[in-house]
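Novice: Mind having a look at this structure? Questions to follow.
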Amino acid sequence: MAEETPWQQALRYANRADPYPFYAELRKTPVARQPDGTYVVSTYREIVALLHDPRVSSDVRKLPSRAPAAAEPGAEPITEAVIELEPNIITCDPPEHDRDRRMMTRHFFGPADAPHQISDLEPDIRRIVDGLLDGMRGKTRIDVVDEFAYPLPVTLICKVLGVPMEDEPRFHAWIEAALDALDFGPEAASEEMRSRLAGARRSVKELAQFMSGLLGQYAERPGPGMLSAMVHDGGPDGRMSEGVLASNAVLLLFAGHETTVNLIAHSVLTLLRHPEALEELRRRPDLIVPAVEELLRFESSVQFWHTRSAVEDIDIAGTTIPAGAPIFLVYGSANRDPQRFANPDQLDLQRPDNQHLGFSQGIHFCFGAPLARLEVQVAVGEFVRRVENPRLVADPPPYRHNQIFRGPRHVLVDIDGIRD
């Protein structure tokens, strides 16, 4: 059996808690061809260049059909098995991308005469955070993920979109099943992952049907939130087709909370691992804005992205990426690149010039970044202020299986109490 590449090692579940040594090895070859024909790009400068290169496509319809690395012959291709919806704004190119993104951002941020929809959510965010922390009174052990990091963003995205909160148990189960089956490493060919993949296909289909049904309800009777507004949008670009609207609705529901859950959980975990930084933030709560940017850099919620491909030959870092080849951009590695960040493995809450790739760059920059930043600033700031003597129970904690949206499944913390 051939020796595994650093990228294949980084993808193994056993290394989920700390992929960074493998990223460091990977960066020795900034653009590295993998056994399955994928080109993995791991350095900051090269990733930024490709994010702004029109020769790089995000359209999933242009990806070659391919099986997972090290899979047995005939293994079901991951991309085709999991991405079964019509392309959404992160899996298509201009001009389709530009038209749909304009509509979505208009309804996300609010109308031109009142573009304060996100900042106006701050009182709601503070109310939810206070309620979650108040609910921990009397406890000596908490799970930061289940009791804090998850409830806040899922409640907010349901409010923004107009998804009934009572449906959360259903869509949470579908999203978890889909994420747990998305595997790009050597373990993808295991019987366990094959079984998960079959369940993921059902979950994606059921989630899409759920969102289509909700959109249909709003088509008949308008309601609150972004989804209803998009259904009835008669703007200059015209309406989205039903399939594209459903695909983007699924994206908004998923992306609107999953990455923020991981960011809040990782932020608390990182601060508890660095008590000097925790104490600095407690003494100087005004540092919360640069602190969140550093936490975004230090533990990227999106470790890499997998739906890009070259539409022409691209010469970069001494390597030619041939037309048609899949390209993986490893944000988690770029954010620890010593050629871009001084002492990148050191947590520095006052790091200058912190232009991390936590929300990507270019035309696919995450337009939900302002909401995510606001949620994390409030949540982490209040956790630091109100939780008395928090201590990790296990380090590293157990991690979720997913490699792209890497995050802890649980973060158990012993506490002495909750301050007012």
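Letters A, B, ... go to the chains of the structure tokens in the order shown; residues in each chain start at 1; ligands are counted from 1 in the same order.
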Which residues of range 119-236 of chain A come within 12 Å of range 358-370 of chain A, and what is each one's closest atom pair and distance in Å (one decimal), counting only C-alpha atoms, sorted by chain and residue number, as a Markdown table?
Specialist:
| residue | atom | partner | partner_atom | distance |
| --- | --- | --- | --- | --- |
| A:Ser119 | CA | A:Pro370 | CA | 8.3 |
| A:Asp120 | CA | A:Pro370 | CA | 11.7 |
| A:Leu121 | CA | A:Pro370 | CA | 11.0 |
| A:Glu122 | CA | A:Pro370 | CA | 11.2 |
| A:Pro153 | CA | A:Gly368 | CA | 11.6 |
| A:Leu156 | CA | A:Gly368 | CA | 11.9 |
| A:Ile157 | CA | A:Gly368 | CA | 10.2 |
| A:Val160 | CA | A:Gly368 | CA | 11.1 |
Novice: For C-alpha atoms, I'd like the residues from the last selection saved as an mmCIF file, in the first residue's frame.
Specialist:
data_model
loop_
_atom_site.group_PDB
_atom_site.id
_atom_site.type_symbol
_atom_site.label_atom_id
_atom_site.label_comp_id
_atom_site.auth_asym_id
_atom_site.auth_seq_id
_atom_site.Cartn_x
_atom_site.Cartn_y
_atom_site.Cartn_z
ATOM 1 C CA SER A 119 -27.343 45.055 13.532
ATOM 2 C CA ASP A 120 -30.925 45.338 14.773
ATOM 3 C CA LEU A 121 -30.671 41.721 15.915
ATOM 4 C CA GLU A 122 -28.180 42.542 18.675
ATOM 5 C CA PRO A 153 -27.220 30.542 16.008
ATOM 6 C CA LEU A 156 -31.234 33.388 15.081
ATOM 7 C CA ILE A 157 -31.163 31.833 11.616
ATOM 8 C CA VAL A 160 -33.947 35.602 9.944
#
Novice: Excluding same-chain residues fewer than 5 positions from Tyr20 in chain A, what lies within 12 Å of it counting only C-alpha atoms, as an mmCIF file with N, CA, C and O atoms, in the first residue's frame?
Specialist:
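As written to disk, selection.cif reads:
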data_model
loop_
_atom_site.group_PDB
_atom_site.id
_atom_site.type_symbol
_atom_site.label_atom_id
_atom_site.label_comp_id
_atom_site.auth_asym_id
_atom_site.auth_seq_id
_atom_site.Cartn_x
_atom_site.Cartn_y
_atom_site.Cartn_z
ATOM 1 N N PRO A 6 0.519 13.838 3.151
ATOM 2 C CA PRO A 6 0.133 14.666 4.306
ATOM 3 C C PRO A 6 -1.340 15.050 4.287
ATOM 4 O O PRO A 6 -1.976 15.139 5.341
ATOM 5 N N TRP A 7 -1.897 15.267 3.088
ATOM 6 C CA TRP A 7 -3.302 15.617 2.998
ATOM 7 C C TRP A 7 -4.192 14.460 3.432
ATOM 8 O O TRP A 7 -5.153 14.646 4.187
ATOM 9 N N GLN A 9 -3.386 12.136 5.480
ATOM 10 C CA GLN A 9 -3.229 12.014 6.930
ATOM 11 C C GLN A 9 -4.047 13.073 7.662
ATOM 12 O O GLN A 9 -4.678 12.787 8.688
ATOM 13 N N ALA A 10 -4.060 14.283 7.130
ATOM 14 C CA ALA A 10 -4.835 15.356 7.767
ATOM 15 C C ALA A 10 -6.324 15.035 7.775
ATOM 16 O O ALA A 10 -7.054 15.458 8.681
ATOM 17 N N LEU A 11 -6.778 14.258 6.796
ATOM 18 C CA LEU A 11 -8.201 13.945 6.681
ATOM 19 C C LEU A 11 -8.638 12.789 7.567
ATOM 20 O O LEU A 11 -9.848 12.566 7.740
ATOM 21 N N ASN A 15 -6.895 12.343 13.408
ATOM 22 C CA ASN A 15 -6.164 13.617 13.437
ATOM 23 C C ASN A 15 -7.091 14.831 13.391
ATOM 24 O O ASN A 15 -6.612 15.952 13.197
ATOM 25 N N GLU A 25 3.322 20.236 6.977
ATOM 26 C CA GLU A 25 4.024 19.387 6.012
ATOM 27 C C GLU A 25 3.476 19.642 4.601
ATOM 28 O O GLU A 25 4.240 19.689 3.628
ATOM 29 N N LEU A 26 2.189 19.823 4.514
ATOM 30 C CA LEU A 26 1.548 20.063 3.226
ATOM 31 C C LEU A 26 2.037 21.357 2.590
ATOM 32 O O LEU A 26 2.223 21.425 1.371
ATOM 33 N N ARG A 27 2.265 22.378 3.399
ATOM 34 C CA ARG A 27 2.685 23.674 2.866
ATOM 35 C C ARG A 27 4.069 23.645 2.220
ATOM 36 O O ARG A 27 4.442 24.570 1.488
ATOM 37 N N SER A 42 -2.466 24.874 -0.204
ATOM 38 C CA SER A 42 -2.398 25.008 1.249
ATOM 39 C C SER A 42 -1.770 26.300 1.747
ATOM 40 O O SER A 42 -1.768 26.542 2.956
ATOM 41 N N PHE A 298 -7.413 31.282 14.024
ATOM 42 C CA PHE A 298 -6.742 30.209 14.755
ATOM 43 C C PHE A 298 -7.413 28.860 14.565
ATOM 44 O O PHE A 298 -6.753 27.834 14.436
ATOM 45 N N GLU A 299 -8.752 28.848 14.554
ATOM 46 C CA GLU A 299 -9.515 27.607 14.358
ATOM 47 C C GLU A 299 -10.597 27.867 13.319
ATOM 48 O O GLU A 299 -11.727 28.230 13.643
ATOM 49 N N SER A 300 -10.257 27.708 12.070
ATOM 50 C CA SER A 300 -11.179 28.023 10.978
ATOM 51 C C SER A 300 -12.390 27.087 10.999
ATOM 52 O O SER A 300 -12.234 25.869 10.997
ATOM 53 N N GLN A 303 -12.619 24.387 7.114
ATOM 54 C CA GLN A 303 -11.212 24.026 6.963
ATOM 55 C C GLN A 303 -10.757 24.062 5.505
ATOM 56 O O GLN A 303 -9.627 24.434 5.214
ATOM 57 N N VAL A 330 -7.352 24.969 1.116
ATOM 58 C CA VAL A 330 -7.321 24.611 2.537
ATOM 59 C C VAL A 330 -7.158 25.879 3.380
ATOM 60 O O VAL A 330 -6.052 26.291 3.723
ATOM 61 N N TYR A 331 -8.280 26.478 3.741
ATOM 62 C CA TYR A 331 -8.261 27.708 4.525
ATOM 63 C C TYR A 331 -7.590 27.505 5.885
ATOM 64 O O TYR A 331 -6.892 28.401 6.380
ATOM 65 N N GLY A 332 -7.831 26.359 6.505
ATOM 66 C CA GLY A 332 -7.251 26.105 7.815
ATOM 67 C C GLY A 332 -5.739 26.111 7.793
ATOM 68 O O GLY A 332 -5.097 26.504 8.777
ATOM 69 N N SER A 333 -5.158 25.700 6.688
ATOM 70 C CA SER A 333 -3.709 25.745 6.529
ATOM 71 C C SER A 333 -3.237 27.159 6.219
ATOM 72 O O SER A 333 -2.243 27.639 6.784
ATOM 73 N N ALA A 334 -3.935 27.855 5.318
ATOM 74 C CA ALA A 334 -3.552 29.220 4.960
ATOM 75 C C ALA A 334 -3.550 30.133 6.177
ATOM 76 O O ALA A 334 -2.686 31.018 6.310
ATOM 77 N N ASN A 335 -4.490 29.926 7.085
ATOM 78 C CA ASN A 335 -4.581 30.770 8.272
ATOM 79 C C ASN A 335 -3.494 30.483 9.298
ATOM 80 O O ASN A 335 -3.366 31.210 10.286
ATOM 81 N N ARG A 336 -2.703 29.429 9.059
ATOM 82 C CA ARG A 336 -1.531 29.143 9.908
ATOM 83 C C ARG A 336 -0.234 29.229 9.090
ATOM 84 O O ARG A 336 0.789 28.702 9.509
ATOM 85 N N ASP A 337 -0.284 29.921 7.963
ATOM 86 C CA ASP A 337 0.883 30.017 7.085
ATOM 87 C C ASP A 337 1.881 31.030 7.647
ATOM 88 O O ASP A 337 1.583 32.227 7.732
ATOM 89 N N PRO A 344 2.256 31.892 13.690
ATOM 90 C CA PRO A 344 0.849 31.570 13.408
ATOM 91 C C PRO A 344 0.223 30.588 14.381
ATOM 92 O O PRO A 344 -1.006 30.563 14.519
ATOM 93 N N ASP A 345 1.038 29.777 15.066
ATOM 94 C CA ASP A 345 0.486 28.819 16.015
ATOM 95 C C ASP A 345 0.330 29.418 17.408
ATOM 96 O O ASP A 345 -0.040 28.707 18.355
#
Novice: Assign secondary structure with DSSP using the backbone only, and return the residues of range 122-270 of chain A in helix (DSSP H, G or I) as an MDAnalysis selection string.
Specialist: chainID A and resid 122:134 144:149 151:161 165:180 186:189 191:220 226:231 242:255 258:270
Novice: Name the residues in contact with Ala310 in chain A at a cut-off of 8 Å, using only C-alpha atoms, excluding same-chain residues fewer than 3 positions from it; report them as a list in words.
Specialist: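 These residues fall inside the cut-off: Arg55, Val56, Ser57, Asp313, Ile314, Ile321, Pro322, Ala323, Gly324, Ala325, Pro326 and Ile327 of chain A.
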Novice: Skip Leu269 in chain A itself and residues of its chain fewer than 6 positions away, then list as JSON, numbers by chain all residues within 12 Å of it, counting only C-alpha atoms.
Specialist: {"A": [17, 143, 144, 145, 149, 262, 263, 275, 277, 278, 295, 298, 299, 380, 383, 384, 390, 391, 392, 393, 394, 395, 396, 397, 398, 407, 408, 409, 410, 411, 412, 413]}
Novice: Using only C-alpha atoms, which residue out of A:Ile404, A:Leu197, A:Leu207, A:Met136 lies closest to Trp174 in chain A?
Specialist: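 Among A:Ile404, A:Leu197, A:Leu207, A:Met136, it is A:Leu207 that comes nearest to Trp174 in chain A.
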Novice: Would you mind listing what lies within 7 Å of Glu86 in chain A as a ChimeraX atom specification, with only C-alpha atoms counted and same-chain residues fewer than 4 positions away left out?
Specialist: /A:243-244,247
Novice: Residues of the last selection are to be written out with C-alpha atoms, as an mmCIF file, in the first residue's frame.
Specialist:
data_model
loop_
_atom_site.group_PDB
_atom_site.id
_atom_site.type_symbol
_atom_site.label_atom_id
_atom_site.label_comp_id
_atom_site.auth_asym_id
_atom_site.auth_seq_id
_atom_site.Cartn_x
_atom_site.Cartn_y
_atom_site.Cartn_z
ATOM 1 C CA GLY A 243 -35.336 24.461 -7.621
ATOM 2 C CA VAL A 244 -32.675 27.151 -7.253
ATOM 3 C CA SER A 247 -31.278 24.885 -2.979
#
Novice: In Å, how far is it from CA of Glu388 in chain A to CA of Gly417 in chain A?
Specialist: 5.2 Å
Novice: Between A:Glu258, A:Glu294, A:Asp315, A:Asp36, which is the closest to Leu349 in chain A once you count only C-alpha atoms?
Specialist: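 Once distances to Leu349 in chain A are computed over only C-alpha atoms, the minimum belongs to A:Glu294.
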Novice: Determine, counting only C-alpha atoms, which protein, DNA and RNA residues have an atom within 12 Å of an atom of Asp286 in chain A; residues of the same chain fewer than 3 positions away are not included. Present the result as a PyMOL selection string.
Specialist: chain A and resi 280-283+289-292+349-350+377-378+381+385
Novice: Of the candidates A:Leu179, A:Ile142, A:Leu374, A:Leu296, which one gets nearest to Asn354 in chain A if we count only C-alpha atoms?
Specialist: A:Leu296
Novice: Hey, which of A:Met240, A:Thr140, A:Gly225, A:Ala372 ends up closest to Asp414 in chain A? Count only C-alpha atoms.
Specialist: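 Using only C-alpha atoms, Asp414 in chain A sits closest to A:Thr140.
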Novice: Select, from A:Phe328, A:Phe405, A:Phe341, A:Tyr218, the residue with the minimum atom-to-atom distance to Val261 in chain A, counting only C-alpha atoms.
Specialist: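 Going through A:Phe328, A:Phe405, A:Phe341, A:Tyr218 one by one, the smallest distance to Val261 in chain A is for A:Phe405.
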Novice: Taking only C-alpha atoms into account, which of A:Gly110, A:Gln217, A:Arg137, A:Asp53 comes nearest Asp416 in chain A?
Specialist: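 Nearest to Asp416 in chain A: A:Arg137.
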